[in-house]
>>> print(open('final_14.csv').read())   # CSV, C-alpha atoms and all ligand atoms
chain,number,residue,atom,x,y,z
I,1,MET,CA,8.5,10.7,27.5
I,2,LYS,CA,8.6,14.0,25.6
I,3,LYS,CA,6.8,13.9,22.3
I,4,ILE,CA,8.2,15.5,19.1
I,5,GLY,CA,6.4,18.9,18.7
I,6,TRP,CA,5.3,19.5,15.1
I,7,GLY,CA,4.8,22.8,13.2
I,8,ILE,CA,3.2,23.1,9.7
I,9,LEU,CA,4.0,25.9,7.3
I,10,GLY,CA,1.1,26.4,4.9
I,11,ALA,CA,-2.6,25.7,5.0
I,12,ALA,CA,-2.4,23.1,2.3
I,13,ARG,CA,-5.0,20.5,1.2
I,14,VAL,CA,-2.7,17.6,2.2
I,15,ASN,CA,-3.0,18.8,5.8
I,16,GLU,CA,-6.3,17.0,5.9
I,17,ARG,CA,-4.2,13.9,6.0
I,18,LEU,CA,-1.0,15.1,7.7
I,19,MET,CA,-2.6,16.8,10.7
I,20,PRO,CA,-4.5,13.7,11.8
I,21,ALA,CA,-1.4,11.7,11.1
I,22,ILE,CA,0.7,13.8,13.5
I,23,VAL,CA,-1.9,13.6,16.3
I,24,GLN,CA,-2.3,9.8,15.8
I,25,SER,CA,1.5,9.2,15.5
I,26,GLU,CA,3.2,7.3,18.4
I,27,GLN,CA,5.5,10.1,19.5
I,28,GLY,CA,4.3,13.3,17.9
I,29,GLU,CA,2.0,16.2,18.8
I,30,LEU,CA,0.8,19.1,16.7
I,31,ILE,CA,1.9,22.4,18.2
I,32,SER,CA,1.4,25.0,15.6
I,33,ILE,CA,0.4,25.9,12.0
I,34,GLY,CA,1.0,29.0,10.0
I,35,SER,CA,-0.4,30.3,6.7
I,36,ARG,CA,0.3,33.5,4.7
I,37,ARG,CA,-3.4,33.9,4.1
I,38,PRO,CA,-5.1,35.6,7.1
I,39,GLY,CA,-7.3,33.1,9.0
I,40,ALA,CA,-6.5,30.1,6.8
I,41,SER,CA,-4.4,28.2,9.5
I,42,LYS,CA,-7.3,28.5,12.0
I,43,GLU,CA,-9.8,27.4,9.4
I,44,CYS,CA,-7.6,24.4,8.6
I,45,VAL,CA,-7.5,23.3,12.2
I,46,LEU,CA,-11.3,23.8,12.6
I,47,LYS,CA,-11.9,21.8,9.4
I,48,HIS,CA,-9.6,18.9,9.9
I,49,LEU,CA,-8.9,18.7,13.7
I,50,PRO,CA,-11.8,20.5,15.4
I,51,ARG,CA,-11.2,18.9,18.8
I,52,TYR,CA,-7.7,20.4,18.8
I,53,GLU,CA,-8.9,24.0,18.3
I,54,ASP,CA,-7.5,25.1,21.7
I,55,LYS,CA,-4.4,23.0,21.5
I,56,VAL,CA,-2.9,24.1,18.2
I,57,SER,CA,-1.4,27.6,17.9
I,58,CYS,CA,-2.5,29.2,14.6
I,59,PHE,CA,-0.6,32.1,13.0
I,60,ASP,CA,-0.9,34.3,10.0
I,61,GLY,CA,2.7,33.8,8.9
I,62,PHE,CA,5.5,31.3,9.3
I,63,ASP,CA,8.1,32.9,11.7
I,64,GLN,CA,6.1,32.3,14.9
I,65,VAL,CA,5.8,28.6,13.9
I,66,ILE,CA,9.5,28.2,13.1
I,67,ASN,CA,10.5,30.0,16.3
I,68,HIS,CA,7.9,28.3,18.6
I,69,GLU,CA,9.9,26.8,21.5
I,70,LYS,CA,7.8,23.7,21.5
I,71,VAL,CA,8.2,23.0,17.8
I,72,ASP,CA,11.0,20.4,17.1
I,73,ALA,CA,10.0,19.4,13.6
I,74,ILE,CA,8.5,21.3,10.7
I,75,TYR,CA,6.4,19.9,7.8
I,76,ILE,CA,6.6,22.0,4.6
I,77,PRO,CA,3.8,21.4,2.1
I,78,LEU,CA,4.2,24.7,0.2
I,79,ALA,CA,4.4,25.1,-3.6
I,80,ASN,CA,7.5,23.3,-5.0
I,81,GLU,CA,9.4,26.5,-5.7
I,82,GLU,CA,8.8,27.9,-2.2
I,83,HIS,CA,10.4,25.0,-0.2
I,84,THR,CA,14.0,26.2,-0.1
I,85,GLU,CA,13.6,29.6,1.5
I,86,VAL,CA,11.4,28.5,4.3
I,87,ALA,CA,13.3,25.2,4.9
I,88,LEU,CA,16.5,27.1,5.3
I,89,LYS,CA,14.9,29.4,7.8
I,90,ALA,CA,13.6,26.4,9.8
I,91,ILE,CA,17.0,24.5,9.6
I,92,ARG,CA,18.9,27.6,10.7
I,93,ALA,CA,16.5,27.7,13.7
I,94,LYS,CA,17.6,24.1,14.5
I,95,LYS,CA,14.3,22.5,13.5
I,96,HIS,CA,14.1,19.2,11.8
I,97,VAL,CA,12.4,19.4,8.4
I,98,LEU,CA,10.1,17.1,6.5
I,99,ILE,CA,9.8,18.7,3.0
I,100,GLU,CA,7.2,17.6,0.6
I,101,LYS,CA,8.4,16.3,-2.7
I,102,PRO,CA,10.3,17.6,-4.7
I,103,MET,CA,12.7,18.9,-2.0
I,104,ALA,CA,13.3,21.9,-4.3
I,105,ILE,CA,13.2,22.6,-8.1
I,106,LYS,CA,16.9,23.2,-8.5
I,107,SER,CA,19.6,20.7,-7.5
I,108,VAL,CA,21.9,23.5,-6.4
I,109,GLU,CA,19.3,24.4,-3.8
I,110,VAL,CA,19.1,20.8,-2.6
I,111,LYS,CA,22.8,20.9,-2.1
I,112,THR,CA,22.5,24.0,0.0
I,113,LEU,CA,19.8,22.4,2.1
I,114,ILE,CA,21.9,19.3,2.6
I,115,GLU,CA,24.9,21.4,3.8
I,116,GLU,CA,22.8,23.5,6.1
I,117,ALA,CA,21.0,20.5,7.6
I,118,SER,CA,24.3,18.8,8.3
I,119,LYS,CA,25.9,22.1,9.7
I,120,ASN,CA,22.9,22.6,12.0
I,121,ASN,CA,22.7,18.9,13.0
I,122,VAL,CA,19.0,18.5,12.1
I,123,LYS,CA,17.2,15.7,10.3
I,124,MET,CA,15.9,16.4,6.8
I,125,MET,CA,13.8,14.1,4.6
I,126,GLU,CA,11.8,14.4,1.4
I,127,GLY,CA,8.1,13.7,2.0
I,128,PHE,CA,7.4,10.7,-0.1
I,129,MET,CA,4.6,9.1,2.0
I,130,TYR,CA,4.2,6.2,-0.5
I,131,ALA,CA,7.6,4.9,0.6
I,132,PHE,CA,6.1,4.1,4.0
I,133,HIS,CA,3.2,2.0,2.7
I,134,PRO,CA,4.0,-1.7,3.2
I,135,GLN,CA,3.5,-2.1,-0.5
I,136,PHE,CA,6.7,-0.2,-1.2
I,137,ASP,CA,8.9,-2.5,0.9
I,138,ARG,CA,7.2,-5.5,-0.6
I,139,ILE,CA,8.1,-4.4,-4.2
I,140,MET,CA,11.6,-3.4,-3.2
I,141,ASN,CA,12.2,-6.8,-1.5
I,142,THR,CA,10.9,-8.6,-4.5
I,143,ILE,CA,13.3,-6.7,-6.7
I,144,LYS,CA,16.2,-7.2,-4.3
I,145,SER,CA,15.4,-11.0,-4.0
I,146,ASN,CA,16.5,-11.3,-7.6
I,147,ILE,CA,13.5,-13.5,-8.4
I,148,LEU,CA,13.1,-11.3,-11.5
I,149,GLY,CA,16.8,-11.2,-12.3
I,150,ASP,CA,18.6,-7.9,-12.6
I,151,ILE,CA,16.0,-5.3,-13.5
I,152,ASN,CA,16.7,-3.9,-16.9
I,153,TYR,CA,13.5,-2.0,-17.7
I,154,ALA,CA,10.9,-0.1,-15.6
I,155,HIS,CA,7.9,2.0,-16.5
I,156,SER,CA,5.6,4.3,-14.5
I,157,MET,CA,2.5,6.3,-15.3
I,158,PHE,CA,0.8,8.9,-13.1
I,159,SER,CA,-2.1,11.0,-14.3
I,160,PHE,CA,-5.5,12.5,-13.6
I,161,PRO,CA,-7.5,15.2,-15.2
I,162,ILE,CA,-6.7,18.4,-13.3
I,163,GLN,CA,-9.8,20.1,-11.8
I,164,PRO,CA,-10.4,23.9,-12.4
I,165,ALA,CA,-9.9,24.5,-8.6
I,166,ARG,CA,-6.3,23.3,-9.0
I,167,PHE,CA,-5.4,25.5,-12.1
I,168,TYR,CA,-3.1,27.5,-9.8
I,169,ARG,CA,-0.7,24.5,-10.2
I,170,ILE,CA,-0.3,25.2,-13.9
I,171,ASN,CA,-0.3,29.0,-14.0
I,172,ARG,CA,3.5,29.3,-14.2
I,173,SER,CA,6.2,27.8,-16.3
I,174,MET,CA,8.0,24.5,-15.5
I,175,GLU,CA,11.2,26.6,-14.7
I,176,ASN,CA,9.1,28.3,-12.0
I,177,GLY,CA,7.7,25.1,-10.5
I,178,GLY,CA,4.4,24.8,-12.4
I,179,GLY,CA,3.0,21.8,-14.3
I,180,ALA,CA,2.8,18.1,-14.0
I,181,LEU,CA,6.6,17.3,-14.0
I,182,TRP,CA,7.2,19.0,-10.6
I,183,ASP,CA,3.9,18.1,-9.2
I,184,ILE,CA,3.3,14.4,-9.9
I,185,GLY,CA,6.6,13.7,-11.8
I,186,PRO,CA,8.6,13.2,-8.5
I,187,TYR,CA,6.6,10.1,-7.7
I,188,ALA,CA,7.0,8.5,-11.2
I,189,ILE,CA,10.7,9.3,-11.3
I,190,HIS,CA,11.4,8.3,-7.7
I,191,THR,CA,9.8,4.9,-8.0
I,192,ILE,CA,11.7,4.1,-11.2
I,193,ARG,CA,15.0,5.2,-9.6
I,194,GLN,CA,14.5,2.8,-6.7
I,195,CYS,CA,14.7,-0.2,-9.1
I,196,PHE,CA,18.3,0.4,-10.2
I,197,LYS,CA,21.5,0.5,-8.2
I,198,GLU,CA,22.9,2.9,-10.7
I,199,ASN,CA,22.1,6.6,-11.0
I,200,PRO,CA,20.7,7.7,-14.3
I,201,ILE,CA,23.2,9.0,-16.8
I,202,ARG,CA,20.9,10.8,-19.4
I,203,VAL,CA,17.3,11.6,-20.1
I,204,LYS,CA,15.1,12.5,-23.0
I,205,ALA,CA,11.5,13.8,-22.8
I,206,ILE,CA,8.7,15.5,-24.8
I,207,ALA,CA,5.9,17.6,-23.3
I,208,LYS,CA,2.7,19.4,-24.1
I,209,LEU,CA,3.0,22.9,-22.5
I,210,ASN,CA,0.2,25.3,-21.9
I,211,GLU,CA,0.2,29.1,-22.5
I,212,TYR,CA,2.2,29.7,-19.3
I,213,GLY,CA,4.9,27.2,-20.2
I,214,ALA,CA,3.6,24.6,-17.6
I,215,ASP,CA,3.7,21.0,-18.8
I,216,ILE,CA,0.3,19.4,-19.0
I,217,SER,CA,1.8,16.0,-20.1
I,218,THR,CA,5.4,14.8,-20.1
I,219,THR,CA,6.7,11.5,-21.5
I,220,GLY,CA,10.2,10.4,-21.3
I,221,LEU,CA,13.1,8.0,-21.3
I,222,ILE,CA,15.7,7.5,-18.6
I,223,ASP,CA,19.0,5.8,-19.5
I,224,PHE,CA,20.8,4.1,-16.5
I,225,GLY,CA,23.6,2.7,-18.8
I,226,ASN,CA,24.3,-0.9,-19.6
I,227,ASN,CA,21.0,-1.3,-21.4
I,228,LYS,CA,19.1,-0.4,-18.2
I,229,ARG,CA,16.3,2.0,-19.0
I,230,ALA,CA,13.0,3.3,-18.0
I,231,THR,CA,10.1,5.2,-19.5
I,232,PHE,CA,7.5,7.4,-17.8
I,233,ASP,CA,4.3,9.2,-18.7
I,234,ILE,CA,2.7,11.8,-16.5
I,235,SER,CA,-0.3,13.9,-17.4
I,236,PHE,CA,-3.0,16.3,-16.1
I,237,GLU,CA,-5.3,15.5,-19.0
I,238,CYS,CA,-5.3,11.7,-19.0
I,239,THR,CA,-7.5,9.4,-17.1
I,240,ARG,CA,-6.4,8.4,-13.5
I,241,ARG,CA,-3.4,6.1,-13.6
I,242,SER,CA,-1.0,5.3,-10.7
I,243,GLU,CA,0.9,2.4,-12.2
I,244,PHE,CA,4.4,1.1,-12.0
I,245,GLU,CA,6.0,-2.0,-13.5
I,246,ALA,CA,9.6,-3.4,-13.4
I,247,PHE,CA,11.0,-6.1,-15.6
I,248,GLY,CA,14.0,-8.5,-15.5
I,249,PRO,CA,15.0,-11.5,-17.5
I,250,LEU,CA,13.2,-13.8,-15.2
I,251,GLY,CA,9.9,-12.0,-14.6
I,252,ARG,CA,8.0,-8.8,-13.9
I,253,VAL,CA,6.3,-7.1,-11.0
I,254,LYS,CA,3.4,-4.7,-11.5
I,255,CYS,CA,1.6,-2.4,-9.1
I,256,PRO,CA,-1.6,-0.9,-10.5
I,257,THR,CA,-1.9,1.6,-7.6
I,258,VAL,CA,1.7,2.3,-6.5
I,259,TRP,CA,0.9,5.8,-5.1
I,260,GLN,CA,-1.9,4.4,-3.1
I,261,PRO,CA,-4.7,6.2,-1.1
I,262,GLU,CA,-4.4,5.2,2.5
I,263,ASP,CA,-7.9,3.8,2.7
I,264,LYS,CA,-7.6,1.4,-0.2
I,265,GLN,CA,-6.1,-2.1,-0.6
I,266,ALA,CA,-3.1,-2.3,-2.9
I,267,LYS,CA,-2.4,-5.1,-5.4
I,268,ILE,CA,1.0,-6.5,-6.5
I,269,ILE,CA,1.0,-8.7,-9.6
I,270,LEU,CA,4.0,-10.9,-10.0
I,271,ASN,CA,4.7,-13.0,-13.1
I,272,THR,CA,7.9,-15.1,-13.2
I,273,GLU,CA,9.3,-17.7,-15.5
I,274,SER,CA,9.5,-20.1,-12.6
I,275,SER,CA,6.1,-19.6,-10.8
I,276,GLY,CA,3.8,-18.0,-13.3
I,277,LEU,CA,1.2,-15.4,-12.4
I,278,THR,CA,0.4,-14.6,-8.8
I,279,GLU,CA,-1.5,-11.7,-7.2
I,280,GLU,CA,-1.0,-10.4,-3.7
I,281,VAL,CA,-3.3,-8.0,-1.9
I,282,VAL,CA,-1.6,-5.6,0.5
I,283,PRO,CA,-4.1,-4.4,3.2
I,284,ALA,CA,-4.9,-0.7,3.4
I,285,ALA,CA,-2.3,1.2,5.5
I,286,ASN,CA,-2.1,4.9,6.5
I,287,HIS,CA,1.3,5.7,5.1
I,288,PHE,CA,1.0,9.3,6.4
I,289,ILE,CA,1.0,8.0,10.0
I,290,LEU,CA,3.8,5.6,9.2
I,291,GLU,CA,5.8,8.4,7.6
I,292,ILE,CA,5.4,10.6,10.7
I,293,ASN,CA,6.2,7.7,13.1
I,294,HIS,CA,9.4,7.2,11.1
I,295,PHE,CA,10.4,10.9,11.3
I,296,ASN,CA,9.7,11.0,15.0
I,297,LYS,CA,11.8,7.9,15.5
I,298,ILE,CA,14.8,9.2,13.5
I,299,ILE,CA,14.8,12.3,15.6
I,300,LYS,CA,14.5,10.5,18.9
I,301,SER,CA,17.0,7.8,18.1
I,302,ASP,CA,19.3,9.9,16.0
I,303,ILE,CA,19.3,7.5,13.1
I,304,SER,CA,19.4,8.1,9.3
I,305,PRO,CA,16.1,8.5,7.5
I,306,LYS,CA,14.7,5.8,5.2
I,307,LEU,CA,14.9,8.3,2.3
I,308,SER,CA,18.4,9.8,2.1
I,309,LYS,CA,19.4,13.3,1.2
I,310,GLU,CA,21.3,12.0,-1.8
I,311,ASP,CA,18.2,10.3,-3.0
I,312,ALA,CA,16.4,13.7,-2.9
I,313,LEU,CA,19.3,15.3,-4.7
I,314,TRP,CA,19.2,12.7,-7.5
I,315,ASN,CA,15.5,13.0,-7.8
I,316,VAL,CA,15.8,16.7,-8.4
I,317,LYS,CA,18.8,16.3,-10.8
I,318,THR,CA,16.7,13.8,-12.9
I,319,LEU,CA,13.7,16.1,-12.9
I,320,GLU,CA,15.8,19.1,-13.8
I,321,GLY,CA,17.4,17.1,-16.7
I,322,ILE,CA,13.9,16.1,-17.9
I,323,GLN,CA,12.9,19.8,-17.9
I,324,GLU,CA,16.0,20.8,-19.8
I,325,SER,CA,15.4,18.0,-22.3
I,326,VAL,CA,11.9,19.3,-23.0
I,327,GLN,CA,13.2,22.8,-23.5
I,328,LYS,CA,16.1,21.8,-25.8
I,329,ASP,CA,14.4,18.8,-27.5
I,330,SER,CA,17.5,16.7,-27.0
I,331,TRP,CA,19.1,14.2,-24.7
I,332,VAL,CA,20.5,15.7,-21.5
I,333,MET,CA,23.4,14.2,-19.7
I,334,LEU,CA,23.1,14.2,-15.9
I,401,LIG,N1,-3.3,16.9,-1.5
I,401,LIG,C1,-3.0,15.7,-1.1
I,401,LIG,O1,-3.9,14.8,-0.8
I,401,LIG,C2,-1.6,15.3,-1.2
I,401,LIG,C3,-1.2,13.9,-0.9
I,401,LIG,C4,0.1,13.6,-0.8
I,401,LIG,C5,1.1,14.5,-1.0
I,401,LIG,N2,0.7,15.8,-1.4
I,401,LIG,C6,1.8,16.7,-1.6
I,401,LIG,O2,1.7,17.8,-0.7
I,401,LIG,C7,2.2,19.0,-1.3
I,401,LIG,C8,1.1,20.1,-1.2
I,401,LIG,O3,0.0,19.6,-1.9
I,401,LIG,P1,-1.5,20.2,-1.7
I,401,LIG,O4,-2.4,19.7,-2.7
I,401,LIG,O5,-1.8,20.1,-0.3
I,401,LIG,O6,-1.2,21.8,-2.0
I,401,LIG,P2,-2.1,23.1,-2.0
I,401,LIG,O7,-3.4,22.8,-1.3
I,401,LIG,O8,-2.0,23.6,-3.3
I,401,LIG,O9,-1.3,24.0,-1.0
I,401,LIG,C9,0.1,24.4,-1.2
I,401,LIG,C10,0.3,25.8,-0.6
I,401,LIG,O10,-0.4,26.8,-1.3
I,401,LIG,C11,-1.0,27.7,-0.5
I,401,LIG,N3,-2.5,27.6,-0.8
I,401,LIG,C12,-3.3,26.6,-0.5
I,401,LIG,N4,-4.6,26.9,-1.0
I,401,LIG,C13,-4.5,28.1,-1.6
I,401,LIG,C14,-5.4,28.9,-2.2
I,401,LIG,N5,-6.7,28.6,-2.3
I,401,LIG,N6,-5.0,30.1,-2.7
I,401,LIG,C15,-3.7,30.5,-2.6
I,401,LIG,N7,-2.7,29.7,-1.9
I,401,LIG,C16,-3.1,28.5,-1.4
I,401,LIG,C17,-0.8,27.3,1.0
I,401,LIG,O11,0.1,28.1,1.6
I,401,LIG,P3,-0.4,29.3,2.5
I,401,LIG,O12,-1.4,28.7,3.5
I,401,LIG,O13,0.7,29.9,3.2
I,401,LIG,O14,-1.1,30.3,1.6
I,401,LIG,C18,-0.3,25.9,0.8
I,401,LIG,O15,0.7,25.5,1.8
I,401,LIG,C19,2.5,18.7,-2.8
I,401,LIG,O16,3.9,18.4,-2.9
I,401,LIG,C20,1.7,17.4,-3.0
I,401,LIG,O17,2.1,16.6,-4.0
I,401,LIG,C21,-0.6,16.2,-1.4
>>> encode(input="final_14.csv", output="structure tokens", more="lines below")
Ligand SMILES: NC(=O)c1ccc[n+]([C@@H]2O[C@H](COP(=O)([O-])OP(=O)(O)OC[C@H]3O[C@@H](n4cnc5c(N)ncnc54)[C@H](OP(=O)(O)O)[C@@H]3O)[C@@H](O)[C@H]2O)c1
Amino acid sequence: MKKIGWGILGAARVNERLMPAIVQSEQGELISIGSRRPGASKECVLKHLPRYEDKVSCFDGFDQVINHEKVDAIYIPLANEEHTEVALKAIRAKKHVLIEKPMAIKSVEVKTLIEEASKNNVKMMEGFMYAFHPQFDRIMNTIKSNILGDINYAHSMFSFPIQPARFYRINRSMENGGGALWDIGPYAIHTIRQCFKENPIRVKAIAKLNEYGADISTTGLIDFGNNKRATFDISFECTRRSEFEAFGPLGRVKCPTVWQPEDKQAKIILNTESSGLTEEVVPAANHFILEINHFNKIIKSDISPKLSKEDALWNVKTLEGIQESVQKDSWVML
């Protein structure tokens, strides 16, 4: 059976996980990788998949990858503000696209991507690998089971002290894609949004900005209406946190490591009025492989992705609103 041929645009750090995931996936093979930095794509293969040196075509640029006849699907791990231009090129070349989160930094751009993906009949999904960890379904099933009652409050925290080698993530303003909001904020906001059936109606946030206008920390409030609300805190100068908690009238569910490394166990702590405190350990799982398996399957079987395009749009709309709230120091209606 023909495998799905993958191309990667950019010699990003995450490739150390994505490249092995593609070659270990059930129906995928890695065909090509391109980087704008001369020699970087070859170096990436030699570093992360040395046995595939002769099998993967490496290019100094993106066009040869996009137009490679054996490439069916393209993974885009570029800087947040660079996604749209290359994704549009790939979509118009009839390639399926898996775009790292956030899909773009402007909702108008996500709308264009959605229209073009539909016009060109290709699959498109935002790359939230954490949604493919069994932990995610376990949390969502707990919430849907109504054991906690109707969720009326959720909270997420994502932080780590940024290392000097990564300062290029904070060397431009939020409006230009720099800072914590567009980098780790998508996880915190996406997880919160999954707890509520409603879309958010307004947001309010404060941030500490650096000299470039990039946010180092952002803290905010999301109002879903009818007293359903959420708070979040993301930071590049706080100790490592990767936590999420949802509350209803009948109980609460907490995940101390919701955006989980693939080699670590996850823990889900449930505390309900009826059963009291219980802890469940979810075994380690490689969500990168599970994500690639899923994308291969939706292409092969022509089915809808687990993460919808509308979900990606609402994620960016919410992040955009948070950015505007920081700038205006006021509530922003979505
Ligand atoms: N890192 C992880 O473990 C991880 C895990 C899960 C999700 N993600 C997500 O994946 C996306 C990419 O993250 P990342 O940490 O892998 O990004 P990254 O290493 O900063 O790479 C992003 C892009 O910047 C360029 N680049 C890389 N190193 C560079 C350098 N030294 N100088 C100049 N340009 C450089 C590359 O494009 P060119 O090759 O064309 O220059 C690359 O595609 C983000 O959305 C992130 O949240 C990352």
>>> atom_distance(input="final_14.csv", atom1="atom CA of Ser325 of chain I", atom2="atom CA of Ile76 of chain I")
28.6 Å
>>> residues_near_ligand(input="final_14.csv", ligand="ligand LIG 401 (chain I)", cutoff="10 Å", atoms="all atoms listed in the file", output="NGL selection string")
:I and (8-18 or 33-41 or 44 or 60-62 or 75-80 or 82-83 or 99-103 or 126-130 or 165-169 or 182-187 or 259-262 or 287-288)
>>> residues_around(input="final_14.csv", residues="Thr239 of chain I", least_positions_apart="5", cutoff="9 Å", atoms="all atoms listed in the file", output="PDB file with C-alpha atoms, in the frame of the given file")
ATOM      1  CA  SER I 159      -2.100  11.000 -14.300  1.00  0.00           C
ATOM      2  CA  PHE I 160      -5.500  12.500 -13.600  1.00  0.00           C
ATOM      3  CA  PRO I 161      -7.500  15.200 -15.200  1.00  0.00           C
TER       4      PRO I 161
END
>>> atom_distance(input="final_14.csv", atom1="atom CA of Phe244 of chain I", atom2="atom CA of Ile269 of chain I")
10.6 Å
>>> closest_residue(input="final_14.csv", among="I:Ser25, I:Ser173, I:Ser275, I:Asn286", to="His133 of chain I", atoms="only C-alpha atoms")
I:Asn286
>>> residues_around(input="final_14.csv", residues="Ser235 of chain I", least_positions_apart="6", cutoff="12 Å", atoms="only C-alpha atoms", output="PyMOL selection string")
chain I and resi 156-162+170+179-185+188+206-209+214-220+241-242
>>> atom_distance(input="final_14.csv", atom1="atom CA of Leu313 of chain I", atom2="atom CA of Ile234 of chain I")
20.7 Å
>>> closest_residue(input="final_14.csv", among="I:Val253, I:Ile31, I:Lys119, I:Pro50", to="Gln64 of chain I", atoms="all atoms listed in the file")
I:Ile31
>>> decode(input="final_14.csv", residues="segment 58-69 of chain I", atoms="N, CA and C atoms", output="compact mmCIF listing (two decimals), in the first residue's frame")
# COMPACT_ATOMS: atom_id res chain seq x y z
N CYS I 58 17.41 16.56 0.88
CA CYS I 58 17.59 17.79 1.66
C CYS I 58 17.80 18.97 0.73
N PHE I 59 17.11 20.08 1.02
CA PHE I 59 17.21 21.26 0.15
C PHE I 59 17.48 22.52 0.97
N ASP I 60 18.17 23.48 0.33
CA ASP I 60 18.35 24.80 0.93
C ASP I 60 17.23 25.68 0.41
N GLY I 61 16.06 25.57 0.96
CA GLY I 61 14.89 26.31 0.48
C GLY I 61 13.67 25.42 0.60
N PHE I 62 12.50 26.00 0.32
CA PHE I 62 11.25 25.26 0.54
C PHE I 62 10.59 24.77 -0.76
N ASP I 63 10.82 25.46 -1.86
CA ASP I 63 10.05 25.17 -3.08
C ASP I 63 10.24 23.73 -3.57
N GLN I 64 11.48 23.23 -3.50
CA GLN I 64 11.72 21.86 -3.98
C GLN I 64 10.98 20.83 -3.12
N VAL I 65 10.83 21.14 -1.85
CA VAL I 65 10.10 20.22 -0.96
C VAL I 65 8.62 20.25 -1.32
N ILE I 66 8.09 21.48 -1.43
CA ILE I 66 6.66 21.63 -1.74
C ILE I 66 6.32 20.97 -3.07
N ASN I 67 7.21 21.13 -4.05
CA ASN I 67 6.89 20.61 -5.39
C ASN I 67 7.40 19.19 -5.64
N HIS I 68 7.97 18.57 -4.62
CA HIS I 68 8.48 17.21 -4.78
C HIS I 68 7.32 16.26 -5.11
N GLU I 69 7.47 15.49 -6.17
CA GLU I 69 6.33 14.66 -6.61
C GLU I 69 5.94 13.58 -5.61
